[in-house]
>>> print(open('structure.csv').read())   # CSV, C-alpha atoms
chain,number,residue,atom,x,y,z
A,1,MET,CA,8.8,-65.4,-37.2
A,2,SER,CA,9.9,-61.8,-37.2
A,3,LYS,CA,12.5,-60.2,-35.1
A,4,PRO,CA,11.2,-59.1,-31.7
A,5,GLU,CA,10.8,-55.4,-31.0
A,6,PHE,CA,9.7,-53.7,-27.8
A,7,ILE,CA,7.6,-50.6,-28.0
A,8,TYR,CA,6.2,-48.7,-25.0
A,9,VAL,CA,4.2,-45.5,-25.0
A,10,THR,CA,3.4,-43.4,-21.9
A,11,TYR,CA,2.2,-39.9,-21.2
A,12,ILE,CA,3.7,-37.9,-18.4
A,13,GLU,CA,2.7,-34.6,-16.9
A,14,THR,CA,6.1,-32.9,-17.2
A,15,THR,CA,8.2,-30.8,-19.6
A,16,PRO,CA,10.4,-32.3,-22.4
A,17,GLU,CA,13.4,-30.7,-20.6
A,18,LYS,CA,12.6,-32.3,-17.3
A,19,LEU,CA,12.0,-35.6,-18.9
A,20,TRP,CA,15.3,-35.4,-20.9
A,21,HIS,CA,17.1,-34.6,-17.7
A,22,ALA,CA,15.5,-37.6,-16.0
A,23,LEU,CA,16.6,-39.9,-18.7
A,24,THR,CA,20.2,-38.7,-18.9
A,25,ASP,CA,21.3,-37.5,-15.4
A,26,GLY,CA,23.0,-40.3,-13.4
A,27,ASP,CA,22.1,-38.8,-10.0
A,28,PHE,CA,18.5,-38.7,-11.1
A,29,THR,CA,18.3,-42.1,-12.7
A,30,GLN,CA,19.7,-43.6,-9.6
A,31,ARG,CA,16.5,-42.6,-7.8
A,32,TYR,CA,14.1,-44.3,-10.1
A,33,TRP,CA,16.0,-46.7,-12.3
A,34,PHE,CA,16.4,-49.4,-9.6
A,35,GLY,CA,19.6,-47.8,-8.4
A,36,ALA,CA,21.3,-47.6,-11.8
A,37,ARG,CA,23.3,-44.6,-12.7
A,38,LEU,CA,23.4,-43.9,-16.4
A,39,ARG,CA,26.8,-42.7,-17.4
A,40,SER,CA,27.8,-41.0,-20.6
A,41,ASP,CA,28.8,-37.6,-22.0
A,42,TRP,CA,25.8,-38.0,-24.4
A,43,LYS,CA,27.6,-37.3,-27.6
A,44,ALA,CA,26.9,-39.5,-30.6
A,45,GLY,CA,29.5,-42.2,-30.7
A,46,SER,CA,30.4,-41.9,-27.0
A,47,SER,CA,30.2,-44.9,-24.7
A,48,PHE,CA,27.2,-45.5,-22.5
A,49,GLU,CA,27.0,-47.4,-19.3
A,50,MET,CA,24.6,-48.4,-16.6
A,51,VAL,CA,26.4,-48.5,-13.2
A,52,ARG,CA,25.2,-50.4,-10.2
A,53,SER,CA,25.3,-48.8,-6.7
A,54,ASP,CA,28.4,-50.9,-6.0
A,55,GLY,CA,30.2,-49.2,-8.9
A,56,THR,CA,30.2,-52.2,-11.2
A,57,VAL,CA,28.8,-51.9,-14.8
A,58,SER,CA,25.7,-53.9,-15.5
A,59,ASP,CA,25.1,-52.8,-19.1
A,60,ALA,CA,27.2,-51.1,-21.7
A,61,GLY,CA,26.9,-49.7,-25.2
A,62,LYS,CA,27.1,-46.6,-27.3
A,63,VAL,CA,25.2,-43.4,-27.8
A,64,VAL,CA,23.8,-43.2,-31.3
A,65,GLU,CA,21.6,-40.1,-31.5
A,66,VAL,CA,21.2,-37.1,-29.3
A,67,ASP,CA,18.7,-34.3,-30.2
A,68,PRO,CA,17.6,-32.8,-26.9
A,69,PRO,CA,14.9,-32.7,-25.8
A,70,ARG,CA,13.3,-34.6,-28.7
A,71,ARG,CA,15.2,-37.8,-29.5
A,72,LEU,CA,17.7,-39.9,-27.7
A,73,ALA,CA,19.1,-43.3,-28.9
A,74,TYR,CA,21.7,-45.6,-27.5
A,75,THR,CA,22.6,-49.3,-27.7
A,76,PHE,CA,23.4,-51.5,-24.8
A,77,ILE,CA,23.7,-55.1,-23.7
A,78,ASN,CA,23.9,-56.6,-20.3
A,79,GLN,CA,27.4,-57.7,-19.3
A,80,SER,CA,26.4,-61.0,-17.8
A,81,ASP,CA,27.7,-64.2,-19.3
A,82,LYS,CA,24.2,-65.2,-19.9
A,83,TYR,CA,24.0,-62.8,-22.9
A,84,LYS,CA,27.6,-63.2,-24.2
A,85,ASN,CA,26.3,-64.5,-27.6
A,86,GLU,CA,24.0,-61.5,-28.0
A,87,PHE,CA,24.6,-58.1,-29.5
A,88,PRO,CA,23.6,-54.6,-28.2
A,89,ALA,CA,20.2,-53.6,-29.3
A,90,LEU,CA,19.0,-50.0,-30.1
A,91,ALA,CA,16.8,-48.1,-27.6
A,92,THR,CA,15.2,-44.9,-29.0
A,93,PHE,CA,13.3,-42.4,-26.9
A,94,VAL,CA,11.1,-39.9,-28.7
A,95,LEU,CA,9.7,-37.0,-26.6
A,96,GLU,CA,6.6,-35.2,-28.0
A,97,PRO,CA,5.1,-32.3,-26.0
A,98,TYR,CA,1.3,-31.8,-25.9
A,99,GLY,CA,0.5,-28.9,-23.7
A,100,LYS,CA,1.2,-30.0,-20.1
A,101,LEU,CA,2.1,-33.5,-21.2
A,102,VAL,CA,4.9,-35.3,-22.9
A,103,LYS,CA,4.3,-38.4,-24.9
A,104,LEU,CA,7.2,-40.7,-24.5
A,105,THR,CA,7.7,-43.5,-27.0
A,106,LEU,CA,10.4,-46.0,-26.4
A,107,THR,CA,11.4,-48.4,-29.2
A,108,HIS,CA,13.9,-51.1,-28.4
A,109,GLU,CA,14.9,-53.0,-31.5
A,110,GLY,CA,17.6,-55.1,-33.2
A,111,PHE,CA,17.1,-58.2,-31.2
A,112,ALA,CA,17.8,-61.6,-32.8
A,113,GLU,CA,14.9,-64.2,-32.8
A,114,GLY,CA,14.7,-65.9,-29.4
A,115,SER,CA,16.9,-63.3,-27.7
A,116,LYS,CA,17.0,-63.8,-23.9
A,117,PHE,CA,17.9,-60.2,-23.4
A,118,TYR,CA,14.7,-59.2,-25.2
A,119,SER,CA,12.7,-61.2,-22.7
A,120,GLY,CA,14.5,-59.4,-19.9
A,121,ILE,CA,14.1,-55.9,-21.1
A,122,SER,CA,10.4,-56.5,-21.9
A,123,LYS,CA,9.9,-57.0,-18.1
A,124,GLY,CA,12.3,-54.2,-17.1
A,125,TRP,CA,11.1,-51.3,-19.2
A,126,PRO,CA,7.5,-51.1,-18.0
A,127,ALA,CA,8.7,-51.0,-14.4
A,128,ILE,CA,11.5,-48.4,-15.1
A,129,LEU,CA,9.2,-46.2,-17.1
A,130,SER,CA,6.4,-46.5,-14.6
A,131,SER,CA,8.8,-45.5,-11.9
A,132,LEU,CA,10.0,-42.6,-14.1
A,133,LYS,CA,6.4,-41.3,-14.5
A,134,SER,CA,5.8,-41.6,-10.8
A,135,ILE,CA,8.9,-39.7,-9.8
A,136,LEU,CA,8.2,-36.9,-12.3
A,137,GLU,CA,4.5,-36.6,-11.3
A,138,THR,CA,4.6,-37.3,-7.5
A,139,GLY,CA,8.3,-36.7,-6.6
A,140,GLN,CA,8.6,-40.3,-5.5
A,141,PRO,CA,9.7,-43.3,-7.6
A,142,LEU,CA,7.9,-46.6,-7.3
A,143,ASP,CA,8.7,-48.8,-4.3
A,144,ILE,CA,9.0,-52.1,-6.2
A,145,PRO,CA,11.5,-54.7,-5.0
A,146,PHE,CA,13.8,-55.5,-8.0
A,147,GLU,CA,13.4,-59.2,-7.4
A,148,ALA,CA,9.6,-58.8,-7.9
A,149,LEU,CA,10.2,-58.0,-11.6
A,150,LYS,CA,11.2,-61.6,-12.1
A,151,MET,CA,13.5,-60.6,-14.9
A,152,GLU,CA,15.5,-63.8,-14.6
A,153,ALA,CA,12.8,-65.9,-16.4
B,154,MET,CA,-32.1,-70.8,-7.7
B,155,ASP,CA,-33.9,-74.0,-8.8
B,156,GLU,CA,-32.0,-74.1,-12.1
B,157,VAL,CA,-28.7,-73.8,-10.2
B,158,PHE,CA,-29.6,-76.8,-7.9
B,159,LYS,CA,-30.8,-78.8,-10.9
B,160,ALA,CA,-27.6,-78.0,-12.8
B,161,LEU,CA,-25.4,-79.0,-9.9
B,162,ALA,CA,-27.4,-82.2,-9.3
B,163,ASP,CA,-25.6,-84.0,-12.1
B,164,ALA,CA,-22.0,-85.4,-11.5
B,165,SER,CA,-21.0,-84.9,-15.1
B,166,ARG,CA,-21.9,-81.2,-14.9
B,167,ARG,CA,-20.1,-80.8,-11.6
B,168,SER,CA,-17.0,-82.3,-13.2
B,169,LEU,CA,-17.2,-79.7,-16.0
B,170,LEU,CA,-17.4,-77.0,-13.4
B,171,ASP,CA,-14.3,-78.5,-11.6
B,172,ARG,CA,-12.4,-78.4,-14.9
B,173,LEU,CA,-13.3,-74.7,-15.5
B,174,HIS,CA,-12.4,-73.9,-12.0
B,175,ALA,CA,-8.9,-75.5,-12.5
B,176,ARG,CA,-8.6,-73.7,-15.9
B,177,ASN,CA,-11.0,-71.1,-17.0
B,178,GLY,CA,-11.8,-70.1,-20.6
B,179,GLN,CA,-11.7,-73.6,-22.2
B,180,THR,CA,-13.1,-74.6,-25.6
B,181,LEU,CA,-15.5,-77.4,-26.1
B,182,ASN,CA,-12.7,-79.6,-27.4
B,183,GLU,CA,-10.5,-78.9,-24.4
B,184,LEU,CA,-13.4,-79.7,-22.1
B,185,CYS,CA,-14.1,-83.0,-23.9
B,186,ASP,CA,-10.5,-84.1,-23.8
B,187,GLY,CA,-10.1,-87.1,-21.5
B,188,LEU,CA,-13.7,-87.3,-20.5
B,189,ALA,CA,-15.8,-90.5,-21.0
B,190,MET,CA,-18.7,-88.3,-22.2
B,191,THR,CA,-19.5,-87.9,-25.8
B,192,ARG,CA,-19.1,-84.4,-27.4
B,193,GLN,CA,-22.9,-84.2,-27.7
B,194,ALA,CA,-23.4,-84.9,-24.0
B,195,VAL,CA,-20.8,-82.3,-23.0
B,196,THR,CA,-22.6,-79.8,-25.3
B,197,LYS,CA,-25.9,-80.6,-23.7
B,198,HIS,CA,-24.5,-80.3,-20.1
B,199,LEU,CA,-22.8,-77.0,-21.0
B,200,GLY,CA,-26.1,-75.7,-22.3
B,201,ILE,CA,-27.8,-76.5,-19.0
B,202,LEU,CA,-24.9,-74.8,-17.1
B,203,GLU,CA,-25.2,-71.7,-19.3
B,204,GLU,CA,-29.0,-71.6,-18.7
B,205,ALA,CA,-28.3,-71.6,-14.9
B,206,ASN,CA,-25.8,-68.8,-15.4
B,207,LEU,CA,-23.0,-71.0,-14.0
B,208,VAL,CA,-21.1,-70.7,-17.3
B,209,THR,CA,-20.9,-67.8,-19.8
B,210,THR,CA,-19.4,-68.1,-23.3
B,211,TYR,CA,-17.2,-66.0,-25.6
B,212,ARG,CA,-16.8,-66.6,-29.3
B,213,GLN,CA,-13.1,-66.5,-30.4
B,214,GLY,CA,-12.8,-67.2,-34.1
B,215,ARG,CA,-14.5,-70.5,-34.8
B,216,GLU,CA,-14.3,-71.6,-31.2
B,217,LYS,CA,-16.3,-70.8,-28.1
B,218,LEU,CA,-14.6,-70.3,-24.8
B,219,HIS,CA,-16.4,-71.2,-21.6
B,220,TYR,CA,-16.0,-69.1,-18.4
B,221,LEU,CA,-17.1,-70.2,-14.9
B,222,ASN,CA,-19.4,-68.0,-12.9
B,223,PRO,CA,-18.9,-68.9,-9.2
B,224,VAL,CA,-21.4,-66.5,-7.8
B,225,PRO,CA,-24.6,-68.7,-7.9
B,226,ILE,CA,-22.6,-71.4,-6.0
B,227,HIS,CA,-21.3,-68.9,-3.6
B,228,GLN,CA,-24.9,-67.7,-3.0
B,229,ILE,CA,-25.9,-71.3,-2.2
B,230,GLY,CA,-23.1,-71.4,0.3
B,231,GLU,CA,-24.3,-68.1,1.9
B,232,ARG,CA,-28.0,-68.9,1.9
B,233,TRP,CA,-28.0,-72.6,2.6
B,234,ILE,CA,-24.8,-73.6,4.3
B,235,LYS,CA,-23.4,-70.9,6.5
B,236,LYS,CA,-26.9,-70.2,7.9
B,237,PHE,CA,-27.2,-73.8,9.1
B,238,GLU,CA,-23.7,-73.9,10.5
B,239,ARG,CA,-24.4,-70.8,12.5
B,240,GLY,CA,-27.5,-72.6,13.9
B,241,LYS,CA,-25.4,-75.7,14.8
B,242,LEU,CA,-22.7,-73.7,16.5
B,243,ALA,CA,-25.3,-71.8,18.5
B,244,ALA,CA,-26.9,-75.1,19.6
B,245,LEU,CA,-23.5,-76.5,20.6
B,246,SER,CA,-22.6,-73.4,22.7
B,247,GLU,CA,-26.1,-73.5,24.4
B,248,LEU,CA,-25.6,-77.2,25.2
B,249,LYS,CA,-22.2,-76.4,26.7
B,250,ARG,CA,-23.7,-73.6,28.8
B,251,GLN,CA,-26.4,-75.9,30.1
B,252,LEU,CA,-23.8,-78.6,31.0
B,253,GLU,CA,-21.7,-76.0,32.9
B,254,LYS,CA,-24.7,-74.7,34.8
B,255,ARG,CA,-25.5,-78.3,35.8
B,256,ASP,CA,-22.0,-78.8,37.1
B,257,GLU,CA,-22.2,-75.9,39.5
C,258,MET,CA,-1.8,-68.2,-36.8
C,259,SER,CA,-3.0,-66.4,-33.8
C,260,LYS,CA,-4.8,-63.1,-34.0
C,261,PRO,CA,-3.0,-59.9,-33.0
C,262,GLU,CA,-3.1,-58.9,-29.4
C,263,PHE,CA,-2.0,-55.8,-27.5
C,264,VAL,CA,-0.4,-56.1,-24.1
C,265,TYR,CA,0.4,-53.2,-21.8
C,266,VAL,CA,2.1,-53.5,-18.4
C,267,THR,CA,2.2,-50.6,-15.9
C,268,TYR,CA,3.0,-50.3,-12.2
C,269,ILE,CA,0.9,-48.1,-10.1
C,270,GLU,CA,1.4,-47.1,-6.5
C,271,THR,CA,-1.9,-48.1,-5.1
C,272,THR,CA,-3.7,-51.1,-3.6
C,273,PRO,CA,-5.3,-53.9,-5.7
C,274,GLU,CA,-8.6,-53.0,-4.2
C,275,LYS,CA,-8.4,-49.3,-5.1
C,276,LEU,CA,-7.2,-50.2,-8.6
C,277,TRP,CA,-10.2,-52.6,-9.0
C,278,GLN,CA,-12.5,-49.9,-7.9
C,279,ALA,CA,-11.0,-47.4,-10.4
C,280,LEU,CA,-11.4,-49.9,-13.2
C,281,THR,CA,-15.0,-50.7,-12.5
C,282,GLU,CA,-16.8,-47.8,-10.8
C,283,GLY,CA,-18.4,-45.1,-13.0
C,284,ASP,CA,-17.6,-42.3,-10.6
C,285,PHE,CA,-13.9,-43.1,-11.1
C,286,THR,CA,-13.8,-44.1,-14.8
C,287,GLU,CA,-15.6,-40.8,-15.6
C,288,GLN,CA,-12.6,-39.0,-14.1
C,289,TYR,CA,-9.7,-40.6,-15.8
C,290,TRP,CA,-11.2,-42.6,-18.8
C,291,PHE,CA,-11.9,-39.3,-20.7
C,292,ALA,CA,-15.4,-38.9,-19.3
C,293,HIS,CA,-16.5,-42.4,-20.1
C,294,ARG,CA,-18.7,-43.8,-17.3
C,295,ALA,CA,-18.8,-47.5,-16.6
C,296,THR,CA,-21.9,-49.3,-15.5
C,297,SER,CA,-22.3,-52.9,-14.5
C,298,ASP,CA,-22.7,-55.2,-11.6
C,299,TRP,CA,-19.5,-56.9,-12.8
C,300,ASN,CA,-20.8,-60.4,-12.3
C,301,VAL,CA,-19.7,-63.1,-14.8
C,302,GLY,CA,-22.2,-63.2,-17.5
C,303,SER,CA,-23.6,-59.7,-16.8
C,304,SER,CA,-23.3,-57.0,-19.4
C,305,TYR,CA,-21.4,-53.8,-18.9
C,306,HIS,CA,-21.3,-50.5,-20.9
C,307,PHE,CA,-19.4,-47.3,-21.0
C,308,THR,CA,-21.3,-44.1,-21.8
C,309,LEU,CA,-20.0,-40.7,-22.9
C,310,GLU,CA,-22.4,-37.9,-22.1
C,311,GLY,CA,-25.2,-40.5,-21.8
C,312,GLU,CA,-24.4,-42.1,-25.2
C,313,LYS,CA,-23.2,-45.8,-25.2
C,314,ARG,CA,-19.7,-46.0,-26.6
C,315,LEU,CA,-18.5,-49.4,-25.5
C,316,GLU,CA,-20.3,-52.5,-24.3
C,317,GLY,CA,-19.8,-56.2,-23.7
C,318,LYS,CA,-20.1,-59.1,-21.3
C,319,VAL,CA,-18.2,-59.9,-18.2
C,320,LEU,CA,-16.2,-63.1,-18.6
C,321,ILE,CA,-14.0,-63.2,-15.4
C,322,SER,CA,-14.6,-61.3,-12.2
C,323,ASP,CA,-12.2,-62.2,-9.4
C,324,PRO,CA,-11.7,-59.0,-7.3
C,325,PRO,CA,-9.2,-57.7,-6.9
C,326,ARG,CA,-7.1,-60.0,-9.0
C,327,LYS,CA,-8.5,-60.5,-12.4
C,328,LEU,CA,-11.2,-58.9,-14.6
C,329,ALA,CA,-12.0,-59.9,-18.2
C,330,TYR,CA,-14.8,-58.7,-20.5
C,331,THR,CA,-15.7,-58.8,-24.2
C,332,TRP,CA,-15.3,-55.5,-26.1
C,333,ASN,CA,-17.7,-54.1,-28.6
C,334,GLY,CA,-17.3,-50.5,-29.8
C,335,CYS,CA,-20.7,-48.9,-30.4
C,336,SER,CA,-19.8,-46.3,-33.0
C,337,GLU,CA,-20.7,-46.8,-36.7
C,338,GLU,CA,-17.1,-47.2,-37.6
C,339,VAL,CA,-16.4,-50.2,-35.3
C,340,ARG,CA,-19.7,-51.9,-34.5
C,341,ARG,CA,-19.2,-54.5,-37.3
C,342,GLU,CA,-15.8,-55.5,-36.1
C,343,ARG,CA,-15.2,-58.8,-34.3
C,344,THR,CA,-15.9,-58.9,-30.6
C,345,SER,CA,-12.5,-58.7,-28.9
C,346,ARG,CA,-11.6,-59.4,-25.3
C,347,VAL,CA,-9.9,-57.4,-22.6
C,348,THR,CA,-8.2,-58.9,-19.5
C,349,PHE,CA,-6.8,-57.0,-16.5
C,350,ASP,CA,-4.4,-58.9,-14.2
C,351,LEU,CA,-3.7,-57.1,-10.9
C,352,GLU,CA,-0.6,-58.3,-9.0
C,353,PRO,CA,0.7,-56.7,-5.8
C,354,ARG,CA,4.5,-55.8,-6.1
C,355,GLY,CA,5.8,-54.2,-3.0
C,356,LYS,CA,3.8,-50.9,-2.4
C,357,ALA,CA,2.7,-51.0,-6.1
C,358,VAL,CA,0.4,-53.0,-8.2
C,359,LYS,CA,1.5,-54.5,-11.5
C,360,LEU,CA,-1.4,-54.1,-13.9
C,361,THR,CA,-1.2,-56.2,-17.1
C,362,MET,CA,-3.9,-55.3,-19.7
C,363,THR,CA,-4.3,-57.8,-22.6
C,364,HIS,CA,-6.6,-56.9,-25.5
C,365,ASP,CA,-6.9,-59.8,-27.8
C,366,ASN,CA,-8.9,-61.4,-30.6
C,367,LEU,CA,-8.7,-58.2,-32.5
C,368,ASP,CA,-9.7,-57.7,-36.1
C,369,GLU,CA,-6.3,-56.8,-37.6
C,370,ALA,CA,-7.8,-54.9,-40.4
C,371,GLY,CA,-10.1,-52.9,-38.2
C,372,VAL,CA,-10.1,-49.4,-36.7
C,373,THR,CA,-10.1,-50.7,-33.1
C,374,PHE,CA,-6.8,-52.4,-33.6
C,375,ARG,CA,-5.1,-49.3,-34.9
C,376,GLY,CA,-6.7,-47.1,-32.3
C,377,ILE,CA,-5.9,-49.0,-29.2
C,378,ALA,CA,-2.1,-48.9,-29.6
C,379,ASP,CA,-2.5,-45.2,-28.7
C,380,GLY,CA,-5.7,-45.4,-26.8
C,381,TRP,CA,-4.7,-47.8,-24.1
C,382,PRO,CA,-1.4,-46.1,-23.2
C,383,MET,CA,-3.4,-42.9,-22.8
C,384,VAL,CA,-6.2,-44.4,-20.6
C,385,LEU,CA,-3.7,-46.4,-18.5
C,386,ALA,CA,-1.4,-43.4,-18.1
C,387,SER,CA,-4.4,-41.3,-17.0
C,388,LEU,CA,-5.5,-44.1,-14.6
C,389,LYS,CA,-2.0,-44.2,-13.1
C,390,SER,CA,-1.8,-40.4,-12.7
C,391,PHE,CA,-5.3,-40.4,-11.2
C,392,LEU,CA,-4.5,-43.0,-8.5
C,393,GLU,CA,-1.0,-41.5,-7.7
C,394,THR,CA,-1.7,-37.8,-7.8
C,395,GLY,CA,-5.5,-37.5,-7.5
C,396,ARG,CA,-5.6,-36.0,-11.0
C,397,PRO,CA,-6.0,-37.7,-14.3
C,398,LEU,CA,-3.9,-36.7,-17.3
C,399,SER,CA,-4.5,-33.1,-18.2
C,400,ASP,CA,-7.1,-32.1,-20.8
C,401,ASP,CA,-4.2,-31.6,-23.2
C,402,VAL,CA,-4.6,-35.3,-24.0
C,403,ARG,CA,-7.7,-34.4,-25.9
C,404,THR,CA,-5.6,-32.5,-28.4
C,405,ILE,CA,-3.6,-35.7,-28.9
C,406,GLN,CA,-6.8,-37.6,-29.5
C,407,ALA,CA,-8.0,-35.0,-32.0
C,408,VAL,CA,-4.7,-35.1,-33.8
C,409,ALA,CA,-4.7,-38.9,-33.9
C,410,ALA,CA,-8.2,-39.1,-35.2
>>> encode(input="structure.csv", output="structure tokens")
Amino acid sequence: MSKPEFIYVTYIETTPEKLWHALTDGDFTQRYWFGARLRSDWKAGSSFEMVRSDGTVSDAGKVVEVDPPRRLAYTFINQSDKYKNEFPALATFVLEPYGKLVKLTLTHEGFAEGSKFYSGISKGWPAILSSLKSILETGQPLDIPFEALKMEA
Amino acid sequence: MDEVFKALADASRRSLLDRLHARNGQTLNELCDGLAMTRQAVTKHLGILEEANLVTTYRQGREKLHYLNPVPIHQIGERWIKKFERGKLAALSELKRQLEKRDE
Amino acid sequence: MSKPEFVYVTYIETTPEKLWQALTEGDFTEQYWFAHRATSDWNVGSSYHFTLEGEKRLEGKVLISDPPRKLAYTWNGCSEEVRRERTSRVTFDLEPRGKAVKLTMTHDNLDEAGVTFRGIADGWPMVLASLKSFLETGRPLSDDVRTIQAVAA
């Protein structure tokens, strides 16, 4: 059995610059990323954190690659005890413009076989990226209750 | 509609439909599992169900998956059951009306 | 060993009924499914087909029709390139999640050596992104997606 890898492709009517901003600005991510503020100075090697609305850190890692507005890569792992034996995995965003559209490809890799975190992110990403597409195209994020994602499988 | 009634007239065939209703898309092996019928008999029954359009199949590799079509049964319900219930209810309310009139 | 499958999850702000309609009615598919028009009575056992400018491009048989929750059909491409490939299967699961619908598209029993398998990894995200845009904004993905198709071909 090979190591699990999560790949998600979507097409959004927006500009690469707006999409880049949506992926990296904490005020903006808070609106569609289920309340999470992404916090980093976005330099390769810098720390990366997802901060909950109560100020606590849910996920943490490191920025690996920054090439705006084309490529963004960072590692992170959820801070819960549940995943204490797991290592941060690498999430890479590739933004390719096609006229009025941007093709966004997310590859999340580096998970060990049987990783519980992999199972969690596989459920989380489609909801987060769907909400991202909605907010960029309609001005409103998706109204999905977080519990409905059933991420705690 | 005759083929549907004939297909449903057999208890073994009805039990196959029950199984597909509980879990759709089963193979012949899965359907035979735990049944007193022989594999040959199950195949024969599935053939009759398919003829009556109660089951449709899909070949996946060397196996064939069986899918339930509930529409013919639903149509029986609409055409032959609801219609008679309506009649019965109307008769009951008419009876009630007559009894009330008599009591006045 | 199981055959390869492609699974894509998206969340769309719409109702299960509207989404079902968009997946099955030609007037709608023509708008977001790159001018492909669907025709069928969508009863189990019935056939369906998608035409492009009157020419049949995709056809198959309905396996599951449980509106507005679950739809499944066999998939046979009509072009010379793909007509000899194994008949694959597509399943749509529609689950309400708050004000959105979680749409899970599973395309399985694919010929791993075939053209279809390579094509759908890009094709489905395009069609489903267009469907989402169509239901949320009233407009499908812009025509620029055709250039992507041309480049990918």
>>> atom_distance(input="structure.csv", atom1="CA of Glu203 (chain B)", atom2="CA of Arg340 (chain C)")
25.6 Å
>>> interface_residues(input="structure.csv", of="chain A", to="chain C", cutoff="9 Å", atoms="all atoms listed in the file", output="NGL selection string")
:A and (8-13 or 98-101 or 123 or 126-127 or 129-131 or 133-134 or 137-138 or 142-145 or 148-149)
>>> interface_residues(input="structure.csv", of="chain C", to="chain B", cutoff="8 Å", atoms="all atoms listed in the file", output="count of residues only")
9
>>> atom_distance(input="structure.csv", atom1="CA of Ser53 (chain A)", atom2="CA of Gln30 (chain A)")
8.2 Å
>>> residues_around(input="structure.csv", residues="Thr373 (chain C)", least_positions_apart="3", cutoff="10 Å", atoms="only C-alpha atoms", output="PyMOL selection string")
chain C and resi 332-334+338-340+342-343+345+367-370+376-378+380
>>> axis_aligned_box(input="structure.csv", around="region 265-274 of chain C", padding_each_side="8 Å", output="lines of an AutoDock Vina configuration file")
center_x = -2.8
center_y = -50.5
center_z = -12.7
size_x = 27.6
size_y = 22.8
size_z = 34.2
>>> residues_around(input="structure.csv", residues="Pro97 (chain A)", least_positions_apart="5", cutoff="9 Å", atoms="all atoms listed in the file", output="PyMOL selection string")
chain A and resi 14-16+70+102-104
>>> atom_distance(input="structure.csv", atom1="CA of Ile135 (chain A)", atom2="CA of Gly395 (chain C)")
14.7 Å
>>> closest_residue(input="structure.csv", among="A:Val57, A:Val64, A:Leu136, A:Ala112", to="Phe87 (chain A)", atoms="only C-alpha atoms")
A:Ala112
>>> closest_residue(input="structure.csv", among="B:His198, B:Lys236, B:Lys217, B:Arg255", to="Gln179 (chain B)", atoms="all atoms listed in the file")
B:Lys217
>>> decode(input="structure.csv", residues="region 355-391 of chain C", atoms="C-alpha atoms", output="PDB file, in the first residue's frame")
ATOM      1  CA  GLY C 355     -26.779  23.353   6.537  1.00  0.00           C
ATOM      2  CA  LYS C 356     -27.650  25.704   3.680  1.00  0.00           C
ATOM      3  CA  ALA C 357     -25.434  23.768   1.306  1.00  0.00           C
ATOM      4  CA  VAL C 358     -25.465  20.358  -0.316  1.00  0.00           C
ATOM      5  CA  LYS C 359     -22.469  18.047  -0.123  1.00  0.00           C
ATOM      6  CA  LEU C 360     -22.082  16.443  -3.538  1.00  0.00           C
ATOM      7  CA  THR C 361     -19.903  13.331  -3.744  1.00  0.00           C
ATOM      8  CA  MET C 362     -19.151  12.110  -7.268  1.00  0.00           C
ATOM      9  CA  THR C 363     -17.587   8.670  -7.530  1.00  0.00           C
ATOM     10  CA  HIS C 364     -16.427   7.433 -10.926  1.00  0.00           C
ATOM     11  CA  ASP C 365     -15.291   3.806 -10.692  1.00  0.00           C
ATOM     12  CA  ASN C 366     -14.611   0.612 -12.592  1.00  0.00           C
ATOM     13  CA  LEU C 367     -12.342   2.613 -14.888  1.00  0.00           C
ATOM     14  CA  ASP C 368      -9.912   1.186 -17.367  1.00  0.00           C
ATOM     15  CA  GLU C 369      -6.637   2.304 -15.821  1.00  0.00           C
ATOM     16  CA  ALA C 370      -4.869   2.159 -19.187  1.00  0.00           C
ATOM     17  CA  GLY C 371      -7.592   4.125 -20.929  1.00  0.00           C
ATOM     18  CA  VAL C 372      -8.045   7.705 -22.103  1.00  0.00           C
ATOM     19  CA  THR C 373     -11.138   8.198 -19.936  1.00  0.00           C
ATOM     20  CA  PHE C 374      -9.232   7.613 -16.729  1.00  0.00           C
ATOM     21  CA  ARG C 375      -6.594  10.185 -17.608  1.00  0.00           C
ATOM     22  CA  GLY C 376      -9.166  12.669 -18.861  1.00  0.00           C
ATOM     23  CA  ILE C 377     -11.582  12.666 -15.940  1.00  0.00           C
ATOM     24  CA  ALA C 378      -9.044  13.752 -13.321  1.00  0.00           C
ATOM     25  CA  ASP C 379      -9.229  17.133 -15.038  1.00  0.00           C
ATOM     26  CA  GLY C 380     -12.647  16.797 -16.610  1.00  0.00           C
ATOM     27  CA  TRP C 381     -14.700  16.225 -13.465  1.00  0.00           C
ATOM     28  CA  PRO C 382     -13.223  19.135 -11.447  1.00  0.00           C
ATOM     29  CA  MET C 383     -14.005  21.373 -14.442  1.00  0.00           C
ATOM     30  CA  VAL C 384     -17.605  20.182 -14.829  1.00  0.00           C
ATOM     31  CA  LEU C 385     -18.327  20.235 -11.097  1.00  0.00           C
ATOM     32  CA  ALA C 386     -16.707  23.656 -10.627  1.00  0.00           C
ATOM     33  CA  SER C 387     -18.865  24.916 -13.479  1.00  0.00           C
ATOM     34  CA  LEU C 388     -21.969  23.319 -11.909  1.00  0.00           C
ATOM     35  CA  LYS C 389     -21.186  25.002  -8.582  1.00  0.00           C
ATOM     36  CA  SER C 390     -20.674  28.403 -10.198  1.00  0.00           C
ATOM     37  CA  PHE C 391     -23.865  27.945 -12.204  1.00  0.00           C
TER      38      PHE C 391
END
